[in-house]
$ cat structure.pdb   # PDB, C-alpha atoms
ATOM      1  CA  MET A   1      15.108  95.596   1.857
ATOM      2  CA  ILE A   2      18.480  94.678   3.320
ATOM      3  CA  LEU A   3      21.670  95.661   1.482
ATOM      4  CA  TYR A   4      24.793  93.681   2.274
ATOM      5  CA  LYS A   5      28.460  94.604   2.451
ATOM      6  CA  TYR A   6      30.998  91.780   2.293
ATOM      7  CA  LEU A   7      34.135  92.646   4.251
ATOM      8  CA  PRO A   8      37.467  90.915   4.978
ATOM      9  CA  PHE A   9      38.385  90.095   8.581
ATOM     10  CA  ASP A  10      40.724  93.084   8.929
ATOM     11  CA  ARG A  11      37.797  95.499   8.448
ATOM     12  CA  ASN A  12      36.265  94.566  11.794
ATOM     13  CA  SER A  13      37.332  98.035  12.997
ATOM     14  CA  TYR A  14      34.038  99.186  11.453
ATOM     15  CA  PHE A  15      32.325  97.955  14.598
ATOM     16  CA  GLU A  16      34.430 100.418  16.598
ATOM     17  CA  ASN A  17      34.496 103.548  14.448
ATOM     18  CA  GLU A  18      31.564 103.226  11.976
ATOM     19  CA  LEU A  19      33.955 104.005   9.100
ATOM     20  CA  LEU A  20      33.838 102.344   5.680
ATOM     21  CA  ARG A  21      35.773 103.243   2.573
ATOM     22  CA  PHE A  22      34.129 104.762  -0.480
ATOM     23  CA  THR A  23      36.458 103.721  -3.280
ATOM     24  CA  GLN A  24      37.599 105.608  -6.370
ATOM     25  CA  PRO A  25      36.533 103.926  -9.643
ATOM     26  CA  GLU A  26      40.211 103.477 -10.505
ATOM     27  CA  ASP A  27      40.745 101.349  -7.374
ATOM     28  CA  LEU A  28      37.781  99.022  -7.913
ATOM     29  CA  ASN A  29      38.423  95.521  -9.280
ATOM     30  CA  ASP A  30      36.787  96.076 -12.672
ATOM     31  CA  PRO A  31      39.090  97.951 -15.102
ATOM     32  CA  PHE A  32      36.036  99.194 -17.025
ATOM     33  CA  GLU A  33      34.647 101.180 -14.073
ATOM     34  CA  CYS A  34      33.229 104.546 -15.167
ATOM     35  CA  LEU A  35      34.811 104.209 -18.604
ATOM     36  CA  PRO A  36      32.279 104.982 -21.334
ATOM     37  CA  GLN A  37      32.916 104.189 -24.961
ATOM     38  CA  LYS A  38      35.434 106.506 -26.540
ATOM     39  CA  PRO A  39      34.157 108.128 -29.737
ATOM     40  CA  LYS A  40      35.530 106.473 -32.856
ATOM     41  CA  LYS A  41      38.344 108.282 -34.583
ATOM     42  CA  GLY A  42      36.890 111.132 -36.606
ATOM     43  CA  GLU A  43      33.429 110.842 -35.028
ATOM     44  CA  PHE A  44      33.914 113.790 -32.693
ATOM     45  CA  THR A  45      35.596 115.864 -35.413
ATOM     46  CA  ASP A  46      32.630 115.246 -37.729
ATOM     47  CA  ALA A  47      30.253 116.396 -34.993
ATOM     48  CA  ILE A  48      32.279 119.585 -34.453
ATOM     49  CA  ARG A  49      32.306 120.261 -38.190
ATOM     50  CA  LEU A  50      28.534 119.925 -38.363
ATOM     51  CA  LEU A  51      28.041 122.181 -35.335
ATOM     52  CA  THR A  52      30.343 124.918 -36.638
ATOM     53  CA  GLN A  53      28.581 124.790 -40.005
ATOM     54  CA  MET A  54      25.298 125.422 -38.221
ATOM     55  CA  ILE A  55      26.534 128.441 -36.244
ATOM     56  CA  SER A  56      29.158 129.943 -38.574
ATOM     57  CA  ASN A  57      26.735 131.182 -41.246
ATOM     58  CA  GLY A  58      29.062 129.946 -43.934
ATOM     59  CA  ASN A  59      32.253 131.344 -42.358
ATOM     60  CA  GLN A  60      34.760 128.766 -43.558
ATOM     61  CA  LYS A  61      37.592 130.094 -41.364
ATOM     62  CA  PHE A  62      35.448 129.659 -38.251
ATOM     63  CA  GLU A  63      34.575 126.123 -39.332
ATOM     64  CA  GLU A  64      38.241 125.250 -39.925
ATOM     65  CA  PHE A  65      39.194 126.758 -36.551
ATOM     66  CA  GLY A  66      36.614 124.609 -34.765
ATOM     67  CA  VAL A  67      37.747 121.406 -36.464
ATOM     68  CA  GLN A  68      41.415 122.124 -35.779
ATOM     69  CA  LYS A  69      40.887 123.012 -32.117
ATOM     70  CA  PHE A  70      38.342 120.349 -31.142
ATOM     71  CA  ASN A  71      39.954 117.381 -32.839
ATOM     72  CA  ASP A  72      40.384 113.730 -31.810
ATOM     73  CA  GLU A  73      43.414 114.569 -29.667
ATOM     74  CA  PHE A  74      41.319 117.157 -27.818
ATOM     75  CA  ILE A  75      38.581 114.651 -26.973
ATOM     76  CA  GLU A  76      41.175 112.071 -25.873
ATOM     77  CA  ASN A  77      42.707 114.557 -23.437
ATOM     78  CA  LEU A  78      39.249 115.647 -22.283
ATOM     79  CA  PHE A  79      38.324 112.012 -21.654
ATOM     80  CA  GLU A  80      41.416 111.407 -19.512
ATOM     81  CA  GLN A  81      40.956 114.672 -17.611
ATOM     82  CA  ALA A  82      37.305 113.867 -16.826
ATOM     83  CA  TYR A  83      38.237 110.395 -15.559
ATOM     84  CA  GLN A  84      40.875 111.805 -13.211
ATOM     85  CA  GLU A  85      38.427 114.402 -11.900
ATOM     86  CA  ILE A  86      35.970 111.614 -11.087
ATOM     87  CA  ASN A  87      38.672 109.731  -9.171
ATOM     88  CA  ASN A  88      39.539 112.869  -7.216
ATOM     89  CA  GLU A  89      35.970 113.804  -6.323
ATOM     90  CA  VAL A  90      33.682 110.751  -6.196
ATOM     91  CA  GLY A  91      33.705 107.434  -4.329
ATOM     92  CA  ILE A  92      31.587 104.296  -4.415
ATOM     93  CA  LEU A  93      30.368 101.999  -1.649
ATOM     94  CA  SER A  94      29.474  98.679  -3.271
ATOM     95  CA  LEU A  95      26.631  96.728  -1.704
ATOM     96  CA  THR A  96      24.559  93.754  -2.796
ATOM     97  CA  LYS A  97      21.053  92.357  -2.372
ATOM     98  CA  ASN A  98      22.424  88.864  -1.787
ATOM     99  CA  TRP A  99      24.162  87.581   1.361
ATOM    100  CA  ASN A 100      24.754  83.968   0.287
ATOM    101  CA  ASN A 101      26.796  84.218  -2.891
ATOM    102  CA  SER A 102      29.706  81.793  -2.531
ATOM    103  CA  LEU A 103      31.837  83.651  -5.083
ATOM    104  CA  MET A 104      31.463  86.922  -3.199
ATOM    105  CA  TRP A 105      32.250  85.239   0.109
ATOM    106  CA  ALA A 106      35.420  83.910  -1.495
ATOM    107  CA  HIS A 107      36.465  87.125  -3.270
ATOM    108  CA  TYR A 108      35.519  89.828  -0.774
ATOM    109  CA  THR A 109      35.876  88.194   2.641
ATOM    110  CA  ASN A 110      39.292  86.595   2.080
ATOM    111  CA  SER A 111      38.007  83.041   1.508
ATOM    112  CA  HIS A 112      35.145  83.162   4.022
ATOM    113  CA  LYS A 113      37.383  84.519   6.812
ATOM    114  CA  GLY A 114      35.485  87.799   6.989
ATOM    115  CA  PHE A 115      31.868  88.787   7.503
ATOM    116  CA  CYS A 116      28.861  90.364   5.858
ATOM    117  CA  VAL A 117      26.977  93.360   7.273
ATOM    118  CA  GLY A 118      23.315  93.791   6.359
ATOM    119  CA  PHE A 119      22.032  97.376   6.255
ATOM    120  CA  ASP A 120      18.458  98.625   6.315
ATOM    121  CA  SER A 121      18.005 100.356   2.957
ATOM    122  CA  ASN A 122      15.309 102.588   4.490
ATOM    123  CA  HIS A 123      17.796 104.194   6.872
ATOM    124  CA  ASP A 124      18.410 107.915   6.292
ATOM    125  CA  PHE A 125      22.013 107.207   5.252
ATOM    126  CA  PHE A 126      20.786 105.535   2.056
ATOM    127  CA  LYS A 127      18.408 108.324   1.070
ATOM    128  CA  ASP A 128      19.544 110.540  -1.786
ATOM    129  CA  TYR A 129      21.058 113.821  -0.647
ATOM    130  CA  LEU A 130      22.031 116.978  -2.524
ATOM    131  CA  SER A 131      23.110 120.192  -0.801
ATOM    132  CA  GLU A 132      21.570 123.488  -1.864
ATOM    133  CA  ASP A 133      24.800 124.587  -3.529
ATOM    134  CA  LYS A 134      25.002 121.162  -5.284
ATOM    135  CA  LYS A 135      28.572 120.638  -4.047
ATOM    136  CA  TYR A 136      27.723 117.768  -1.682
ATOM    137  CA  SER A 137      25.799 114.722  -2.827
ATOM    138  CA  ARG A 138      25.129 111.087  -1.985
ATOM    139  CA  ASN A 139      22.901 108.753  -3.988
ATOM    140  CA  THR A 140      21.920 105.096  -3.742
ATOM    141  CA  LYS A 141      21.294 103.388  -7.090
ATOM    142  CA  ASP A 142      20.987  99.905  -8.569
ATOM    143  CA  VAL A 143      23.744  98.845 -10.955
ATOM    144  CA  VAL A 144      22.605  98.216 -14.543
ATOM    145  CA  TYR A 145      24.162  95.240 -16.339
ATOM    146  CA  SER A 146      24.638  95.696 -20.055
ATOM    147  CA  GLU A 147      26.403  94.181 -23.040
ATOM    148  CA  ARG A 148      27.356  97.679 -24.196
ATOM    149  CA  ARG A 149      29.346 100.412 -22.517
ATOM    150  CA  VAL A 150      27.807 103.834 -22.020
ATOM    151  CA  LYS A 151      28.178 106.106 -25.019
ATOM    152  CA  ILE A 152      29.404 109.681 -24.594
ATOM    153  CA  PRO A 153      26.918 112.058 -26.253
ATOM    154  CA  ILE A 154      28.628 113.999 -29.027
ATOM    155  CA  THR A 155      25.617 115.576 -30.731
ATOM    156  CA  LEU A 156      22.949 117.955 -29.480
ATOM    157  CA  THR A 157      20.229 115.355 -30.091
ATOM    158  CA  GLU A 158      21.713 112.764 -27.715
ATOM    159  CA  PRO A 159      20.633 112.759 -24.053
ATOM    160  CA  GLU A 160      23.096 113.990 -21.422
ATOM    161  CA  LEU A 161      24.756 111.439 -19.164
ATOM    162  CA  SER A 162      23.758 111.337 -15.510
ATOM    163  CA  PHE A 163      24.667 108.380 -13.285
ATOM    164  CA  GLU A 164      25.030 105.939 -16.184
ATOM    165  CA  PRO A 165      28.864 105.779 -16.185
ATOM    166  CA  PHE A 166      28.850 105.017 -12.433
ATOM    167  CA  LEU A 167      26.187 102.335 -12.676
ATOM    168  CA  THR A 168      26.703 100.459 -15.944
ATOM    169  CA  LYS A 169      28.694  97.235 -15.757
ATOM    170  CA  SER A 170      29.197  94.226 -17.993
ATOM    171  CA  VAL A 171      26.659  91.401 -17.760
ATOM    172  CA  ASP A 172      29.579  89.265 -16.514
ATOM    173  CA  TRP A 173      29.045  90.933 -13.108
ATOM    174  CA  ARG A 174      25.298  90.326 -12.944
ATOM    175  CA  TYR A 175      25.686  87.658 -10.264
ATOM    176  CA  GLU A 176      26.713  90.375  -7.780
ATOM    177  CA  GLU A 177      23.258  92.051  -7.791
ATOM    178  CA  GLU A 178      25.032  95.273  -6.866
ATOM    179  CA  VAL A 179      23.613  98.450  -5.379
ATOM    180  CA  ARG A 180      25.913 101.465  -5.094
ATOM    181  CA  VAL A 181      26.092 104.436  -2.784
ATOM    182  CA  ILE A 182      27.835 107.158  -4.788
ATOM    183  CA  SER A 183      29.128 110.154  -2.842
ATOM    184  CA  THR A 184      31.276 113.211  -3.257
ATOM    185  CA  PHE A 185      34.428 112.894  -1.160
ATOM    186  CA  ASN A 186      33.705 116.178   0.617
ATOM    187  CA  LEU A 187      31.174 114.248   2.736
ATOM    188  CA  SER A 188      33.829 111.872   4.073
ATOM    189  CA  GLU A 189      34.610 111.663   7.778
ATOM    190  CA  LYS A 190      38.324 110.941   7.423
ATOM    191  CA  THR A 191      40.938 110.950   4.662
ATOM    192  CA  ILE A 192      44.181 108.978   4.694
ATOM    193  CA  HIS A 193      46.487 110.560   2.155
ATOM    194  CA  LYS A 194      48.238 108.063  -0.090
ATOM    195  CA  ILE A 195      49.674 107.894  -3.594
ATOM    196  CA  PRO A 196      48.207 107.467  -6.158
ATOM    197  CA  ASN A 197      44.778 107.528  -4.474
ATOM    198  CA  SER A 198      43.880 108.634  -0.969
ATOM    199  CA  ILE A 199      41.561 106.529   1.202
ATOM    200  CA  HIS A 200      38.285 108.288   2.012
ATOM    201  CA  LEU A 201      36.365 106.906   4.988
ATOM    202  CA  PHE A 202      32.690 107.643   5.549
ATOM    203  CA  LYS A 203      30.642 107.251   8.688
ATOM    204  CA  VAL A 204      28.024 104.566   8.015
ATOM    205  CA  PRO A 205      25.973 104.594  11.232
ATOM    206  CA  HIS A 206      25.689 101.436  13.307
ATOM    207  CA  SER A 207      22.002 102.310  13.601
ATOM    208  CA  ALA A 208      21.655 101.287   9.935
ATOM    209  CA  ILE A 209      22.751  97.678  10.637
ATOM    210  CA  SER A 210      19.960  95.100  10.447
ATOM    211  CA  GLU A 211      22.051  91.941  10.789
ATOM    212  CA  ILE A 212      25.584  90.535  10.703
ATOM    213  CA  ILE A 213      26.656  87.273   9.077
ATOM    214  CA  LEU A 214      29.980  85.671   9.987
ATOM    215  CA  GLY A 215      32.048  83.725   7.475
ATOM    216  CA  ILE A 216      32.531  80.017   7.996
ATOM    217  CA  ASN A 217      36.323  80.427   8.395
ATOM    218  CA  ILE A 218      36.310  83.532  10.578
ATOM    219  CA  ASP A 219      38.982  83.758  13.295
ATOM    220  CA  LYS A 220      37.605  82.837  16.717
ATOM    221  CA  ASP A 221      38.852  86.014  18.411
ATOM    222  CA  ILE A 222      37.270  88.216  15.752
ATOM    223  CA  GLU A 223      34.055  86.198  15.970
ATOM    224  CA  THR A 224      33.938  86.742  19.742
ATOM    225  CA  LYS A 225      34.504  90.476  19.275
ATOM    226  CA  ILE A 226      31.747  90.839  16.660
ATOM    227  CA  ARG A 227      29.287  88.758  18.645
ATOM    228  CA  ALA A 228      29.859  90.975  21.673
ATOM    229  CA  PHE A 229      29.174  94.038  19.520
ATOM    230  CA  ALA A 230      25.955  92.482  18.186
ATOM    231  CA  VAL A 231      24.721  91.651  21.688
ATOM    232  CA  LYS A 232      25.477  95.183  22.886
ATOM    233  CA  LYS A 233      23.653  96.749  19.935
ATOM    234  CA  LYS A 234      20.866  94.147  19.919
ATOM    235  CA  ILE A 235      21.629  93.173  16.326
ATOM    236  CA  THR A 236      20.735  89.758  14.918
ATOM    237  CA  ILE A 237      23.851  87.737  14.120
ATOM    238  CA  TYR A 238      24.326  84.569  12.069
ATOM    239  CA  LYS A 239      27.169  82.334  10.990
ATOM    240  CA  THR A 240      27.387  80.641   7.617
ATOM    241  CA  LYS A 241      27.640  76.920   7.034
ATOM    242  CA  ILE A 242      28.028  74.788   3.938
ATOM    243  CA  SER A 243      24.799  73.295   2.668
ATOM    244  CA  ASP A 244      24.606  69.531   3.118
ATOM    245  CA  THR A 245      23.127  68.996  -0.335
ATOM    246  CA  GLU A 246      23.606  72.068  -2.587
ATOM    247  CA  PHE A 247      26.417  74.305  -3.840
ATOM    248  CA  ASP A 248      25.154  76.952  -1.473
ATOM    249  CA  MET A 249      25.730  78.674   1.847
ATOM    250  CA  GLU A 250      23.279  78.560   4.733
ATOM    251  CA  ARG A 251      23.248  80.563   7.942
ATOM    252  CA  VAL A 252      22.456  79.564  11.483
TER
END

$ encode --input "structure.pdb" --output "structure tokens"
Amino acid sequence: MILYKYLPFDRNSYFENELLRFTQPEDLNDPFECLPQKPKKGEFTDAIRLLTQMISNGNQKFEEFGVQKFNDEFIENLFEQAYQEINNEVGILSLTKNWNNSLMWAHYTNSHKGFCVGFDSNHDFFKDYLSEDKKYSRNTKDVVYSERRVKIPITLTEPELSFEPFLTKSVDWRYEEEVRVISTFNLSEKTIHKIPNSIHLFKVPHSAISEIILGINIDKDIETKIRAFAVKKKITIYKTKISDTEFDMERV
């Protein structure tokens, strides 16, 4: 399977340095990224009360201590802290299974002025990786489209969250057919320090490229540059055109 990355014209430097950005959830264009449901007011407190009753053996002071310490304000602060830790440690490379989505050409390639790179999903770069000490990881997963946000488990009977917060998006985004590479930032090749979020660049090998598709409005100089790269690397290259009969893009 080929996975595609839509890119604006100013990202053509990828063909020189193999570097692509893995983006913090906070910097992606969906404000709901990695934001599970917050527990309803009192829901977490009730769960803490039940837990302390189970382990306190009737010690009312212990139960009151637990409820006072782990209250709704505590979970709100914990929620915010966890979200910031995710932004500091984890980035996302958004890919898609579809090269000819007109909306994505418009949104992500600066009105068809950019290009689309097709990657071989069987390349080693897209295989899941976890270091022995579990501090370095990279995983490739399909996005799940749902009408409900992920729920934070607050009882012992609920399953623990894994990749769900990184992969669950509203059904409004279903047209993107997204696949994500999720990586810890400590695997990045280069970091450009900025406020509020630094830019983390990862080496995505040119050997993973299966094909390149040029936007219909791409600048001629950039087109010449990319075509020369494709010839040198023996990569198939196409250019989009408007369908004569359908609301669709074709490539030639």

$ closest_residue --input "structure.pdb" --among "A:Ser207, A:Thr191, A:Asn101, A:Asn87" --to "A:Thr240" --atoms "all atoms listed in the file"
A:Asn101

$ residues_around --input "structure.pdb" --residues "A:Lys141" --least-positions-apart "2" --cutoff "8 Å" --atoms "all atoms listed in the file" --output "count of residues only"
7

$ atom_distance --input "structure.pdb" --atom1 "atom CA of A:Glu16" --atom2 "atom CA of A:Tyr136"
26.1 Å

$ resolve_selection --input "structure.pdb" --expression "the PyMOL selection byres ((chain A and resi 241) around 7)" --output "list of chain:residue names"
A:Ile216, A:Lys239, A:Thr240, A:Ile242, A:Ser243, A:Met249, A:Glu250, A:Arg251

$ residues_around --input "structure.pdb" --residues "A:Glu80" --least-positions-apart "6" --cutoff "12 Å" --atoms "only C-alpha atoms" --output "PDB file with C-alpha atoms, in the coordinates of the input"
ATOM      1  CA  CYS A  34      33.229 104.546 -15.167  1.00  0.00           C
ATOM      2  CA  LEU A  35      34.811 104.209 -18.604  1.00  0.00           C
ATOM      3  CA  PRO A  36      32.279 104.982 -21.334  1.00  0.00           C
ATOM      4  CA  LYS A  38      35.434 106.506 -26.540  1.00  0.00           C
ATOM      5  CA  GLU A  73      43.414 114.569 -29.667  1.00  0.00           C
ATOM      6  CA  PHE A  74      41.319 117.157 -27.818  1.00  0.00           C
ATOM      7  CA  ILE A  86      35.970 111.614 -11.087  1.00  0.00           C
ATOM      8  CA  ASN A  87      38.672 109.731  -9.171  1.00  0.00           C
TER       9      ASN A  87
END

$ resolve_selection --input "structure.pdb" --expression "the PyMOL selection byres ((chain A and resi 17) around 10)" --output "list of chain:residue names"
A:Asn12, A:Ser13, A:Tyr14, A:Phe15, A:Glu16, A:Glu18, A:Leu19, A:Leu20, A:Phe202, A:Lys203, A:Val204, A:Pro205, A:His206

$ resolve_selection --input "structure.pdb" --expression "the PyMOL selection byres ((chain A and resi 7) around 10)" --output "list in words"
Tyr4, Lys5, Tyr6, Pro8, Phe9, Asp10, Arg11, Asn12, Tyr14, Leu20, Met104, Trp105, His107, Tyr108, Thr109, Asn110, His112, Lys113, Gly114, Phe115, Cys116, Val117, Leu214 and Gly215 of chain A

$ atom_distance --input "structure.pdb" --atom1 "atom CA of A:Tyr145" --atom2 "atom CA of A:Thr168"
5.8 Å

$ atom_distance --input "structure.pdb" --atom1 "atom CA of A:Leu93" --atom2 "atom CA of A:Ile152"
24.2 Å

$ residues_near_point --input "structure.pdb" --point "(19.7, 94.1, -4.5)" --cutoff "7 Å" --atoms "only C-alpha atoms" --output "MDAnalysis selection string"
chainID A and resid 3 96:98 177:179

$ closest_residue --input "structure.pdb" --among "A:Asn77, A:Ser183, A:Gln24, A:Asn122" --to "A:Ile209" --atoms "all atoms listed in the file"
A:Asn122

$ closest_residue --input "structure.pdb" --among "A:Ser170, A:Asn197, A:Ser162, A:Ser210" --to "A:Gln84" --atoms "all atoms listed in the file"
A:Asn197

$ residues_around --input "structure.pdb" --residues "A:Glu26" --least-positions-apart "3" --cutoff "12 Å" --atoms "only C-alpha atoms" --output "ChimeraX atom specification"
/A:22-23,29-35,83-92,166,196-198

$ write_last_selection --input "structure.pdb" --atoms "C-alpha atoms" --output "PDB file, keeping the file's coordinate frame"
ATOM      1  CA  PHE A  22      34.129 104.762  -0.480  1.00  0.00           C
ATOM      2  CA  THR A  23      36.458 103.721  -3.280  1.00  0.00           C
ATOM      3  CA  ASN A  29      38.423  95.521  -9.280  1.00  0.00           C
ATOM      4  CA  ASP A  30      36.787  96.076 -12.672  1.00  0.00           C
ATOM      5  CA  PRO A  31      39.090  97.951 -15.102  1.00  0.00           C
ATOM      6  CA  PHE A  32      36.036  99.194 -17.025  1.00  0.00           C
ATOM      7  CA  GLU A  33      34.647 101.180 -14.073  1.00  0.00           C
ATOM      8  CA  CYS A  34      33.229 104.546 -15.167  1.00  0.00           C
ATOM      9  CA  LEU A  35      34.811 104.209 -18.604  1.00  0.00           C
ATOM     10  CA  TYR A  83      38.237 110.395 -15.559  1.00  0.00           C
ATOM     11  CA  GLN A  84      40.875 111.805 -13.211  1.00  0.00           C
ATOM     12  CA  GLU A  85      38.427 114.402 -11.900  1.00  0.00           C
ATOM     13  CA  ILE A  86      35.970 111.614 -11.087  1.00  0.00           C
ATOM     14  CA  ASN A  87      38.672 109.731  -9.171  1.00  0.00           C
ATOM     15  CA  ASN A  88      39.539 112.869  -7.216  1.00  0.00           C
ATOM     16  CA  GLU A  89      35.970 113.804  -6.323  1.00  0.00           C
ATOM     17  CA  VAL A  90      33.682 110.751  -6.196  1.00  0.00           C
ATOM     18  CA  GLY A  91      33.705 107.434  -4.329  1.00  0.00           C
ATOM     19  CA  ILE A  92      31.587 104.296  -4.415  1.00  0.00           C
ATOM     20  CA  PHE A 166      28.850 105.017 -12.433  1.00  0.00           C
ATOM     21  CA  PRO A 196      48.207 107.467  -6.158  1.00  0.00           C
ATOM     22  CA  ASN A 197      44.778 107.528  -4.474  1.00  0.00           C
ATOM     23  CA  SER A 198      43.880 108.634  -0.969  1.00  0.00           C
TER      24      SER A 198
END

$ closest_residue --input "structure.pdb" --among "A:Asn186, A:Gln81, A:Ser94, A:Asn217" --to "A:Ser131" --atoms "only C-alpha atoms"
A:Asn186

$ closest_residue --input "structure.pdb" --among "A:Lys220, A:Leu130, A:Tyr175, A:Lys194" --to "A:Asn100" --atoms "all atoms listed in the file"
A:Tyr175

$ closest_residue --input "structure.pdb" --among "A:Phe247, A:His200, A:Asp221, A:Lys190" --to "A:Leu103" --atoms "all atoms listed in the file"
A:Phe247

$ decode --input "structure.pdb" --residues "stretch 171-187 of chain A" --atoms "C-alpha atoms" --output "compact mmCIF listing (two decimals), in the first residue's frame"
# COMPACT_ATOMS: atom_id res chain seq x y z
CA VAL A 171 -16.34 11.53 11.65
CA ASP A 172 -16.18 14.99 10.02
CA TRP A 173 -12.57 14.12 9.08
CA ARG A 174 -13.36 10.72 7.57
CA TYR A 175 -12.74 11.96 4.03
CA GLU A 176 -9.02 12.25 4.84
CA GLU A 177 -8.55 8.46 5.23
CA GLU A 178 -5.65 9.26 7.55
CA VAL A 179 -2.81 7.04 8.69
CA ARG A 180 -0.46 8.37 11.37
CA VAL A 181 3.15 7.77 12.25
CA ILE A 182 3.42 8.58 15.96
CA SER A 183 6.92 9.02 17.36
CA THR A 184 8.71 10.17 20.46
CA PHE A 185 10.66 13.35 19.74
CA ASN A 186 13.90 11.78 20.96
CA LEU A 187 14.07 10.00 17.58
